[in-house]
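**Student:** start.txt is reproduced below (compact mmCIF, C-alpha atoms and all ligand atoms).
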```txt
# COMPACT_ATOMS: atom_id res chain seq x y z
CA MET A 1 0.00 0.00 0.00
CA ARG A 2 1.39 3.36 -1.01
CA GLN A 3 2.12 5.85 1.77
CA LYS A 4 0.23 9.14 1.81
CA THR A 5 2.23 11.95 0.30
CA TRP A 6 1.59 15.62 0.97
CA ILE A 7 1.78 17.89 -2.03
CA PRO A 8 2.61 21.40 -0.86
CA GLY A 9 0.94 24.21 -2.75
CA ALA A 10 -1.97 22.06 -3.79
CA ALA A 11 -4.37 24.09 -1.64
CA ARG A 12 -3.47 27.27 -3.49
CA SER A 13 -2.78 26.00 -6.96
CA PRO A 14 -4.35 22.77 -8.20
CA VAL A 15 -2.27 22.85 -11.39
CA LEU A 16 1.32 21.97 -10.53
CA ALA A 17 2.64 22.38 -14.07
CA ALA A 18 1.66 22.16 -17.72
CA LEU A 19 3.60 21.50 -20.92
CA THR A 20 2.61 21.42 -24.58
CA LEU A 21 4.74 19.36 -26.97
CA PRO A 22 4.69 18.55 -30.69
CA GLY A 23 3.08 15.26 -31.67
CA VAL A 24 6.31 13.39 -32.38
CA GLU A 25 7.76 10.27 -30.73
CA ARG A 26 10.59 12.09 -29.00
CA SER A 27 8.00 14.11 -27.06
CA VAL A 28 7.34 10.98 -24.97
CA GLY A 29 10.78 11.31 -23.38
CA HIS A 30 10.29 15.03 -22.82
CA ALA A 31 6.98 14.33 -21.11
CA ARG A 32 8.63 11.77 -18.82
CA ALA A 33 11.34 14.23 -17.82
CA PHE A 34 8.74 16.96 -17.28
CA VAL A 35 6.79 14.76 -14.85
CA THR A 36 9.89 13.76 -12.91
CA ASP A 37 11.24 17.30 -12.76
CA THR A 38 7.88 18.60 -11.54
CA LEU A 39 7.17 15.94 -8.94
CA VAL A 40 10.60 15.43 -7.40
CA PRO A 41 10.84 18.93 -5.88
CA ASP A 42 7.10 19.21 -5.31
CA ILE A 43 6.60 16.10 -3.25
CA LEU A 44 8.06 16.53 0.24
CA ALA A 45 8.85 13.00 1.34
CA ALA A 46 9.81 11.96 -2.17
CA ASP A 47 7.68 8.97 -3.05
CA GLY A 48 9.74 7.23 -5.71
CA GLU A 49 7.15 4.56 -6.35
CA LEU A 50 4.43 7.13 -6.96
CA ILE A 51 6.64 9.14 -9.28
CA ASP A 52 7.64 6.03 -11.25
CA ASP A 53 3.97 5.09 -11.65
CA VAL A 54 2.94 8.58 -12.81
CA VAL A 55 5.86 8.74 -15.25
CA LEU A 56 4.90 5.39 -16.77
CA VAL A 57 1.24 6.34 -17.07
CA VAL A 58 2.11 9.67 -18.74
CA ASP A 59 4.48 7.80 -21.07
CA GLU A 60 1.62 5.54 -22.20
CA LEU A 61 -0.92 8.36 -22.54
CA VAL A 62 1.41 10.64 -24.50
CA GLY A 63 2.43 7.68 -26.68
CA ASN A 64 -1.24 6.98 -27.38
CA SER A 65 -1.89 10.60 -28.32
CA ILE A 66 0.88 10.41 -30.92
CA ARG A 67 0.02 6.93 -32.25
CA HIS A 68 -3.78 7.00 -32.18
CA THR A 69 -4.92 10.64 -32.57
CA ARG A 70 -4.52 13.66 -34.84
CA THR A 71 -1.77 14.79 -32.47
CA GLY A 72 0.56 12.46 -34.38
CA ASP A 73 -0.42 14.08 -37.67
CA GLY A 74 1.39 17.35 -37.13
CA GLY A 75 -0.58 18.24 -33.99
CA LYS A 76 0.30 18.77 -30.36
CA VAL A 77 -0.16 17.16 -26.96
CA THR A 78 -0.56 18.93 -23.63
CA VAL A 79 0.41 17.37 -20.30
CA VAL A 80 -1.02 18.93 -17.14
CA LEU A 81 -0.29 17.80 -13.58
CA VAL A 82 -3.16 18.60 -11.24
CA ALA A 83 -3.10 18.09 -7.48
CA CYS A 84 -6.45 18.48 -5.79
CA ASP A 85 -8.55 16.93 -3.02
CA GLY A 86 -5.92 14.37 -2.07
CA VAL A 87 -5.44 13.31 -5.65
CA LEU A 88 -2.58 13.76 -8.11
CA ARG A 89 -4.00 13.69 -11.61
CA PRO A 90 -1.92 13.76 -14.79
CA GLU A 91 -4.04 14.86 -17.75
CA VAL A 92 -3.00 14.37 -21.37
CA THR A 93 -4.90 16.34 -24.01
CA ASP A 94 -4.69 15.26 -27.65
CA ASP A 95 -6.10 16.60 -30.90
CA GLY A 96 -8.91 14.05 -31.11
CA ALA A 97 -9.48 10.83 -33.06
CA ASP A 98 -12.23 8.70 -34.58
CA THR A 99 -11.45 6.03 -31.99
CA ARG A 100 -11.75 6.34 -28.23
CA PRO A 101 -9.43 5.19 -25.45
CA HIS A 102 -10.44 1.69 -24.35
CA VAL A 103 -8.78 -1.35 -22.82
CA LEU A 104 -8.38 -3.94 -25.56
CA GLU A 105 -10.12 -7.23 -24.81
CA GLU A 106 -7.42 -9.46 -26.25
CA PHE A 107 -4.44 -9.83 -23.95
CA GLY A 108 -0.94 -11.07 -24.76
CA GLY A 109 -0.57 -9.47 -28.17
CA GLU A 110 2.00 -6.93 -29.34
CA SER A 111 -0.31 -4.04 -28.54
CA GLY A 112 -2.96 -3.25 -25.97
CA ARG A 113 -0.64 -3.04 -22.97
CA GLY A 114 -0.78 0.73 -22.51
CA LEU A 115 -4.21 1.30 -21.01
CA ARG A 116 -3.93 -1.96 -19.04
CA ILE A 117 -0.88 -0.46 -17.36
CA VAL A 118 -2.76 2.80 -16.78
CA GLU A 119 -5.68 0.89 -15.26
CA ALA A 120 -3.40 -1.21 -13.04
CA LEU A 121 -1.23 1.63 -11.72
CA SER A 122 -3.80 4.39 -11.21
CA ASP A 123 -6.75 4.46 -8.83
CA LYS A 124 -9.04 5.36 -11.71
CA TRP A 125 -8.79 6.76 -15.21
CA GLY A 126 -11.07 8.18 -17.83
CA TYR A 127 -11.44 10.83 -20.48
CA ARG A 128 -13.47 13.89 -21.36
CA ASP A 129 -13.91 15.74 -24.64
CA SER A 130 -13.66 19.45 -25.15
CA GLY A 131 -14.41 20.44 -28.69
CA ARG A 132 -12.14 18.55 -31.07
CA ARG A 133 -9.61 17.83 -28.37
CA ARG A 134 -9.77 15.00 -25.83
CA THR A 135 -8.27 14.77 -22.37
CA VAL A 136 -7.32 11.37 -20.97
CA TRP A 137 -6.66 11.46 -17.22
CA ALA A 138 -5.55 9.12 -14.45
CA GLU A 139 -5.86 9.66 -10.71
CA PHE A 140 -3.45 8.72 -7.92
CA LYS A 141 -4.50 9.05 -4.29
CA VAL A 142 -2.03 11.14 -2.28
CA GLY A 143 -2.24 13.36 0.80
CA GLY A 144 -3.32 17.01 0.95
CA ASN A 145 -6.49 18.95 0.25
CA CYS A 146 -7.57 21.87 -1.84
CA GLU A 147 -10.72 23.77 -2.58
CA GLY A 148 -12.73 23.37 -5.74
CA GLY A 149 -13.95 20.31 -7.58
CA THR A 150 -13.15 18.71 -10.89
CA ASP A 151 -15.24 18.12 -13.97
CA THR A 152 -13.78 14.76 -14.80
CA ARG A 153 -15.86 11.65 -15.19
CA ARG A 154 -15.36 8.04 -16.13
CA PRO A 155 -16.15 7.04 -19.70
N1 LIG B 201 -6.07 9.11 -26.84
C1 LIG B 201 -6.72 8.18 -27.56
N2 LIG B 201 -7.66 8.56 -28.47
C2 LIG B 201 -8.34 7.65 -29.20
N3 LIG B 201 -8.16 6.33 -29.10
C3 LIG B 201 -7.24 5.88 -28.20
C4 LIG B 201 -6.48 6.78 -27.40
N4 LIG B 201 -5.67 6.06 -26.61
C5 LIG B 201 -5.92 4.77 -26.91
N5 LIG B 201 -6.86 4.65 -27.86
C6 LIG B 201 -7.42 3.39 -28.40
O1 LIG B 201 -7.39 2.45 -27.34
C7 LIG B 201 -6.66 1.28 -27.77
C8 LIG B 201 -5.92 0.69 -26.59
O2 LIG B 201 -4.85 1.53 -26.19
P1 LIG B 201 -3.58 0.86 -25.51
O3 LIG B 201 -2.64 1.94 -25.15
O4 LIG B 201 -4.04 -0.05 -24.43
O5 LIG B 201 -2.97 -0.08 -26.64
P2 LIG B 201 -2.09 0.30 -27.93
O6 LIG B 201 -1.68 1.72 -27.86
O7 LIG B 201 -2.88 -0.15 -29.11
O8 LIG B 201 -0.81 -0.63 -27.77
P3 LIG B 201 0.44 -0.42 -26.77
O9 LIG B 201 0.04 0.64 -25.79
O10 LIG B 201 0.63 -1.76 -26.13
O11 LIG B 201 1.57 -0.02 -27.66
C9 LIG B 201 -5.78 1.75 -28.89
O12 LIG B 201 -5.44 0.70 -29.79
C10 LIG B 201 -6.63 2.81 -29.56
O13 LIG B 201 -7.54 2.23 -30.46
MG MG B 202 -0.78 2.50 -26.16
```
Hey, can you dump this file as structure tokens for me?
**Tutor:**
Amino acid sequence: MRQKTWIPGAARSPVLAALTLPGVERSVGHARAFVTDTLVPDILAADGELIDDVVLVVDELVGNSIRHTRTGDGGKVTVVLVACDGVLRPEVTDDGADTRPHVLEEFGGESGRGLRIVEALSDKWGYRDSGRRRTVWAEFKVGGNCEGGTDTRRP
């Protein structure tokens, strides 16, 4: 069981950091570094396991935005780290697609691991649409509180 981690500043500013990247494969590595660089100084009693999990989830979500959405067709992807109400929530916004994020039924193949990993590591995940763009999010329970709610919902 993961230990509670207090995120300072969450009460005042739910958004810890945000970054927009071009929809190219090398952006996955930049997104990973962005998450680590944001969370290492922001989390007091550095919770390496939590950070590793969030980095891996963001890796999969950014990879999906590039491989499965218009982001990968000359578009962009935005990564936002939100800390609110005892939850750390990475959000990855892509340029939209004709498909939707879903866990593939068939297991053991070359593909279909990404969202299984997201589902296994996070406490819950989902997506919401805003115009042509889509935001896929995953939540991790941590310590701390802040005011204000969220407008996220499960698919
Ligand atoms: N952001 C997204 N927008 C639209 N469809 C998505 C998005 N992310 C995932 N999908 C759909 O959900 C499916 C499952 O995603 P998942 O990440 O589990 O597997 P994969 O990307 O196909 O393979 P892998 O992650 O193992 O390389 C994808 O094949 C794709 O059809
Ligand atoms: Mg994937």
**Student:** Within 8 Å of A:Ala18, counting only C-alpha atoms, which residues qualify if same-chain residues fewer than 3 places away don't, as number ranges by chain?
**Tutor:** A: 15, 78-81
**Student:** For ligand MG 202 (chain B), list the contacting residues at 9 Å or closer, counting all atoms listed in the file, as number ranges by chain.
**Tutor:** A: 60-65, 67-68, 111-116
**Student:** Counting only C-alpha atoms and all ligand atoms, what residues are within 12 Å of ligand LIG 201 (chain B), given as number ranges by chain?
**Tutor:** A: 56-72, 77-78, 91-120, 125-129, 132-137
**Student:** Pick out the residues sitting within 12 Å of A:Thr36, and hand them over as a count of residues only; count all atoms listed in the file, and ignore anything fewer than 3 positions along from it in its own chain.
**Tutor:** 26
**Student:** Which value, in Å to one decimal, gives the distance between atom CA of A:Asp123 and atom CA of A:Phe140?
**Tutor:**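 Between these atoms lies a distance of 5.5 Å.
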**Student:** Could you check how far atom CA of A:Leu16 sits from atom CA of A:Thr38, in Å to one decimal?
**Tutor:**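 Pair atom CA of A:Leu16 / atom CA of A:Thr38 returns 7.4 Å.
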**Student:** In Å to one decimal, how far is atom CA of A:Leu88 from atom CA of A:Leu121?
**Tutor:**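 Taking atom CA of A:Leu121 and atom CA of A:Leu88, their separation equals 12.7 Å.
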**Student:** Give the answer as one residue: which of A:Glu25, A:Lys141, A:Pro14, A:Ser130 has the shortest atom-to-atom distance to A:Lys76, using only C-alpha atoms?
**Tutor:**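 Residue with the minimum atom-to-atom distance to A:Lys76: A:Glu25.
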